[in-house]
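What follows is a single structure, written as C-alpha cells, with notes after it.
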Amino acid sequence: MIKAYYLDGDRLRPVTWESADKARIVWADLFGPSTAEERMIEEWLGIGVPTREEMEEIEISSRLYVEDGAYFMTATLPAHTDGDNPVMAPVTFVLAGQRLVTIRYNEPRAFQTFPMRAEKAATGCTTGELILVGLLEAIVDRLADILERAGRDVELISKGIFHPTAKKASKRDSDFQDILKQIGRKEDLASNIRDSLMTLQRLTGFLGHAVAQEKTGRDTRARVKTLSRDVISLSDHVAFMSQKVTFLLEATLGMINIEQNAIIKIVSVAAIVFLPPTLVASIYGMNFEIMPELRWGLGYPVALGLMVVSAIMPYLYFKRRGWL
C-alpha cells in the first residue's frame, strides 16, 4: 500500500497514489509494499529502493548510505507499543532531493499521529527534509511516552516487592511469581527500546552530516542536533531503567530466598523441638521386661511431663537467642 501526500502551504494533504500528480508528491509512505509498488516508486524516484531483506541487514553500511544523490537511512522501530510486547521491524527513510519516501512493514504510532497533525495544523512541513525531521521528532516523542509508562510500571513493581500486601506466605509466593513475569516483560521492552534508540542515534548522526552537506537552513540543523540530543538522553534513561529492572530482579530473587529460608527455619526448629520428646517416648517404648518405671503409678504422667518439658526447653532457648 502506498500513501501519498501533497504540500498544502506548510501542511500535508493525503492523496491517492493512482490519481495523484506524481510531480507534486512530497512524501510517499510504503506500508508492506508489493513488488509492483516498489517498481512504481523506483520509476518515480529514478533510484532503487531496498527490499525487506536488505532493510534487516545489521551492518551500518547497509542501513546508512548515499546512492545516486539520495540518502538512505534505516532504523528499527517498535509497533503495537500499548503492551509490553512490541513488534520490532526496520523502517527505511529515503531522502531524495525535496522528496521523502518511507518503507516499512509494521505500523509505528508516529506514522498515524504525525500525518494527522501535519494535516490539521501548520507544522512547517515545506520540504521532504522537514517532513523527515518532524516525523523523527514524533517517533522520539512516542518512544519517550513508552519509557514514561514503563517507568511508572517499574515503580509499581518496586512497591509490590518491598511493600507486599499479602499476609500469607503462599499468597506472597504467588505474587512474587507474577512479579518475576512482569520484570521479564519490562526487561524485554527496555531491551527493544534500547536497540531502537541505538539505531536512531546512528540515523540522526548520519542525518546531521547530510543536512550539513546539503547546506540546509540553520533552523533545520538545530532541530536535527536537538533530535540527536533527545535520542542520547532517552538512551541514558533506558539504560538507567534497565539497571533498575535488573536490581528489582535481584531483589525479588532475594525476597524469595528469604521466604524459603524462613520456611526451612521453621521446619528445622520444629524438628529439633520434637526431637527430645521423641527420644523420651522411644526410651519408654522399649519392650524390656525389667524397667523400674513400668509398675510405677506416676510413670505415665511423669513421662508425659518430661516430654513436654523437653520440648519447651529448646523452644525457649531458641527464643532467647533470637532465632525465632
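Identifiers in the C-alpha cells: chain A, B, ... in order shown; residue index from 1 per chain; ligand index from 1 in order shown.
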
Can I get the residues of region 88-137 of chain A within 10 Å of region 64-78 of chain A, each with the closest pair of atoms and their distance in Å to one decimal, using only C-alpha atoms, sorted chain first then ascending number, as a Markdown table?
```
| residue | atom | partner | partner_atom | distance |
| --- | --- | --- | --- | --- |
| A:Met88 | CA | A:Pro78 | CA | 4.5 |
| A:Ala89 | CA | A:Thr76 | CA | 5.4 |
| A:Pro90 | CA | A:Thr76 | CA | 4.2 |
| A:Val91 | CA | A:Ala75 | CA | 5.5 |
| A:Thr92 | CA | A:Thr74 | CA | 4.1 |
| A:Phe93 | CA | A:Met73 | CA | 5.1 |
| A:Val94 | CA | A:Phe72 | CA | 4.7 |
| A:Leu95 | CA | A:Tyr71 | CA | 5.1 |
| A:Ala96 | CA | A:Ala70 | CA | 4.4 |
| A:Gly97 | CA | A:Ala70 | CA | 6.9 |
| A:Arg99 | CA | A:Ala70 | CA | 9.6 |
| A:Leu100 | CA | A:Ala70 | CA | 9.7 |
| A:Val101 | CA | A:Phe72 | CA | 9.5 |
| A:Thr102 | CA | A:Thr74 | CA | 9.4 |
| A:Ile103 | CA | A:Thr74 | CA | 9.1 |
| A:Arg104 | CA | A:Leu77 | CA | 9.5 |
| A:Asn106 | CA | A:Pro78 | CA | 8.0 |
| A:Glu107 | CA | A:Pro78 | CA | 8.1 |
| A:Pro108 | CA | A:Pro78 | CA | 6.0 |
| A:Arg109 | CA | A:Pro78 | CA | 8.6 |
```

Include all heavy atoms and write out the residues we just selected as a short mmCIF file (atom, residue, chain, number, x, y, z; two decimals), in the first residue's frame.
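As written to disk, result18.cif reads:
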```cif
data_model
loop_
_atom_site.label_atom_id
_atom_site.label_comp_id
_atom_site.auth_asym_id
_atom_site.auth_seq_id
_atom_site.Cartn_x
_atom_site.Cartn_y
_atom_site.Cartn_z
N MET A 88 8.99 -5.36 16.63
CA MET A 88 10.13 -4.59 16.14
C MET A 88 10.36 -4.91 14.66
O MET A 88 10.35 -6.09 14.27
CB MET A 88 11.38 -4.92 16.95
CG MET A 88 11.22 -4.76 18.45
SD MET A 88 10.85 -3.06 18.96
CE MET A 88 12.37 -2.23 18.48
N ALA A 89 10.55 -3.87 13.86
CA ALA A 89 10.80 -4.07 12.43
C ALA A 89 11.55 -2.85 11.90
O ALA A 89 11.42 -1.74 12.43
CB ALA A 89 9.49 -4.26 11.67
N PRO A 90 12.36 -3.03 10.86
CA PRO A 90 13.10 -1.90 10.30
C PRO A 90 12.20 -0.98 9.48
O PRO A 90 11.24 -1.44 8.85
CB PRO A 90 14.15 -2.58 9.43
CG PRO A 90 13.54 -3.88 9.04
CD PRO A 90 12.70 -4.31 10.20
N VAL A 91 12.52 0.29 9.52
CA VAL A 91 11.84 1.31 8.70
C VAL A 91 12.92 2.10 7.98
O VAL A 91 13.87 2.57 8.60
CB VAL A 91 10.98 2.25 9.56
CG1 VAL A 91 10.34 3.33 8.68
CG2 VAL A 91 9.91 1.47 10.31
N THR A 92 12.79 2.23 6.67
CA THR A 92 13.78 2.95 5.87
C THR A 92 13.23 4.30 5.44
O THR A 92 12.08 4.40 4.98
CB THR A 92 14.17 2.13 4.63
OG1 THR A 92 14.82 0.91 5.04
CG2 THR A 92 15.13 2.91 3.74
N PHE A 93 14.05 5.33 5.60
CA PHE A 93 13.73 6.68 5.17
C PHE A 93 14.66 7.02 4.00
O PHE A 93 15.89 6.96 4.14
CB PHE A 93 13.94 7.69 6.30
CG PHE A 93 13.19 7.35 7.57
CD1 PHE A 93 13.77 6.51 8.53
CD2 PHE A 93 11.93 7.86 7.82
CE1 PHE A 93 13.10 6.19 9.69
CE2 PHE A 93 11.26 7.55 8.98
CZ PHE A 93 11.84 6.71 9.92
N VAL A 94 14.06 7.39 2.89
CA VAL A 94 14.84 7.75 1.70
C VAL A 94 14.59 9.23 1.42
O VAL A 94 13.45 9.64 1.14
CB VAL A 94 14.44 6.90 0.48
CG1 VAL A 94 15.32 7.28 -0.72
CG2 VAL A 94 14.57 5.42 0.80
N LEU A 95 15.63 10.01 1.53
CA LEU A 95 15.54 11.45 1.27
C LEU A 95 16.19 11.73 -0.07
O LEU A 95 17.42 11.68 -0.22
CB LEU A 95 16.24 12.23 2.39
CG LEU A 95 16.06 13.75 2.39
CD1 LEU A 95 14.58 14.11 2.54
CD2 LEU A 95 16.86 14.37 3.53
N ALA A 96 15.35 11.99 -1.07
CA ALA A 96 15.83 12.22 -2.43
C ALA A 96 15.46 13.64 -2.84
O ALA A 96 14.31 13.90 -3.23
CB ALA A 96 15.22 11.21 -3.40
N GLY A 97 16.39 14.54 -2.70
CA GLY A 97 16.11 15.93 -3.01
C GLY A 97 15.09 16.49 -2.04
O GLY A 97 15.26 16.48 -0.83
N ARG A 99 12.03 15.29 -1.80
CA ARG A 99 11.00 14.26 -1.61
C ARG A 99 11.46 13.23 -0.59
O ARG A 99 12.65 12.93 -0.47
CB ARG A 99 10.69 13.57 -2.96
CG ARG A 99 10.05 14.51 -3.97
CD ARG A 99 9.93 13.85 -5.33
NE ARG A 99 11.23 13.60 -5.96
CZ ARG A 99 11.39 13.14 -7.20
NH1 ARG A 99 10.34 12.88 -7.94
NH2 ARG A 99 12.59 12.95 -7.68
N LEU A 100 10.49 12.72 0.12
CA LEU A 100 10.74 11.71 1.16
C LEU A 100 9.96 10.45 0.83
O LEU A 100 8.78 10.51 0.46
CB LEU A 100 10.33 12.24 2.54
CG LEU A 100 10.36 11.24 3.69
CD1 LEU A 100 11.81 10.83 4.00
CD2 LEU A 100 9.69 11.82 4.93
N VAL A 101 10.61 9.31 0.99
CA VAL A 101 9.97 8.01 0.85
C VAL A 101 10.25 7.22 2.12
O VAL A 101 11.40 7.15 2.57
CB VAL A 101 10.48 7.24 -0.38
CG1 VAL A 101 9.87 5.85 -0.44
CG2 VAL A 101 10.15 8.01 -1.65
N THR A 102 9.22 6.64 2.70
CA THR A 102 9.39 5.76 3.86
C THR A 102 8.90 4.37 3.47
O THR A 102 7.86 4.22 2.83
CB THR A 102 8.60 6.27 5.07
OG1 THR A 102 7.23 6.50 4.71
CG2 THR A 102 9.19 7.56 5.59
N ILE A 103 9.67 3.37 3.87
CA ILE A 103 9.35 1.97 3.57
C ILE A 103 9.29 1.22 4.89
O ILE A 103 10.26 1.22 5.66
CB ILE A 103 10.42 1.35 2.65
CG1 ILE A 103 10.64 2.25 1.42
CG2 ILE A 103 10.02 -0.06 2.22
CD1 ILE A 103 11.94 1.99 0.72
N ARG A 104 8.17 0.59 5.16
CA ARG A 104 8.01 -0.08 6.46
C ARG A 104 7.10 -1.30 6.31
O ARG A 104 6.31 -1.39 5.36
CB ARG A 104 7.42 0.88 7.49
CG ARG A 104 6.11 1.53 7.06
CD ARG A 104 5.71 2.69 7.96
NE ARG A 104 4.51 3.36 7.49
CZ ARG A 104 3.28 3.03 7.83
NH1 ARG A 104 3.08 2.02 8.68
NH2 ARG A 104 2.23 3.69 7.37
N ASN A 106 5.77 -2.58 9.48
CA ASN A 106 4.91 -2.52 10.66
C ASN A 106 4.35 -1.11 10.74
O ASN A 106 4.62 -0.27 9.86
CB ASN A 106 5.67 -2.89 11.93
CG ASN A 106 6.78 -1.91 12.27
OD1 ASN A 106 7.11 -1.02 11.48
ND2 ASN A 106 7.38 -2.06 13.43
N GLU A 107 3.58 -0.80 11.76
CA GLU A 107 2.88 0.48 11.81
C GLU A 107 3.15 1.17 13.14
O GLU A 107 2.31 1.13 14.05
CB GLU A 107 1.38 0.28 11.61
CG GLU A 107 0.66 1.57 11.24
CD GLU A 107 -0.70 1.30 10.63
OE1 GLU A 107 -1.13 0.15 10.62
OE2 GLU A 107 -1.31 2.27 10.16
N PRO A 108 4.30 1.82 13.28
CA PRO A 108 4.55 2.61 14.49
C PRO A 108 3.50 3.71 14.64
O PRO A 108 2.98 4.25 13.66
CB PRO A 108 5.94 3.20 14.24
CG PRO A 108 6.57 2.28 13.24
CD PRO A 108 5.45 1.80 12.38
N ARG A 109 3.20 4.03 15.88
CA ARG A 109 2.13 5.00 16.16
C ARG A 109 2.41 6.36 15.50
O ARG A 109 1.48 7.05 15.08
CB ARG A 109 1.99 5.16 17.67
CG ARG A 109 0.90 6.14 18.11
CD ARG A 109 -0.49 5.62 17.82
NE ARG A 109 -0.74 4.38 18.54
CZ ARG A 109 -1.14 4.33 19.81
NH1 ARG A 109 -1.34 5.45 20.50
NH2 ARG A 109 -1.37 3.17 20.39
#
```

Inset, instruction - Do a neighbour search on region 145-160 of chain A at 10 Å with only C-alpha atoms, toss out local chain neighbours closer than 3 positions, and write the hits as a ChimeraX atom specification. - result: /A:81-84,139-142,163-166,172,175-176,178-180,182-183,186-187,189-190,193,234,237-238,241,244-245,247-249,251-252

Legend entry - Between CA of Leu143 (chain A) and CA of Gln201 (chain A), distance in Å (one decimal):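 That distance, rounded to one decimal, is 12.9 Å.
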
Inset, instruction - Between A:Thr126, A:Ala28, A:Ala138, A:Ser235, single out the one closest to Asp195 (chain A), counting only C-alpha atoms. - result: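 Among A:Thr126, A:Ala28, A:Ala138, A:Ser235, it is A:Ser235 that comes nearest to Asp195 (chain A).
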
Legend entry - Within 12 Å of region 258-274 of chain A using only C-alpha atoms, minus same-chain residues under 3 positions, as a ChimeraX atom specification: /A:168-174,176,251-255,277-281,307-319,323-324
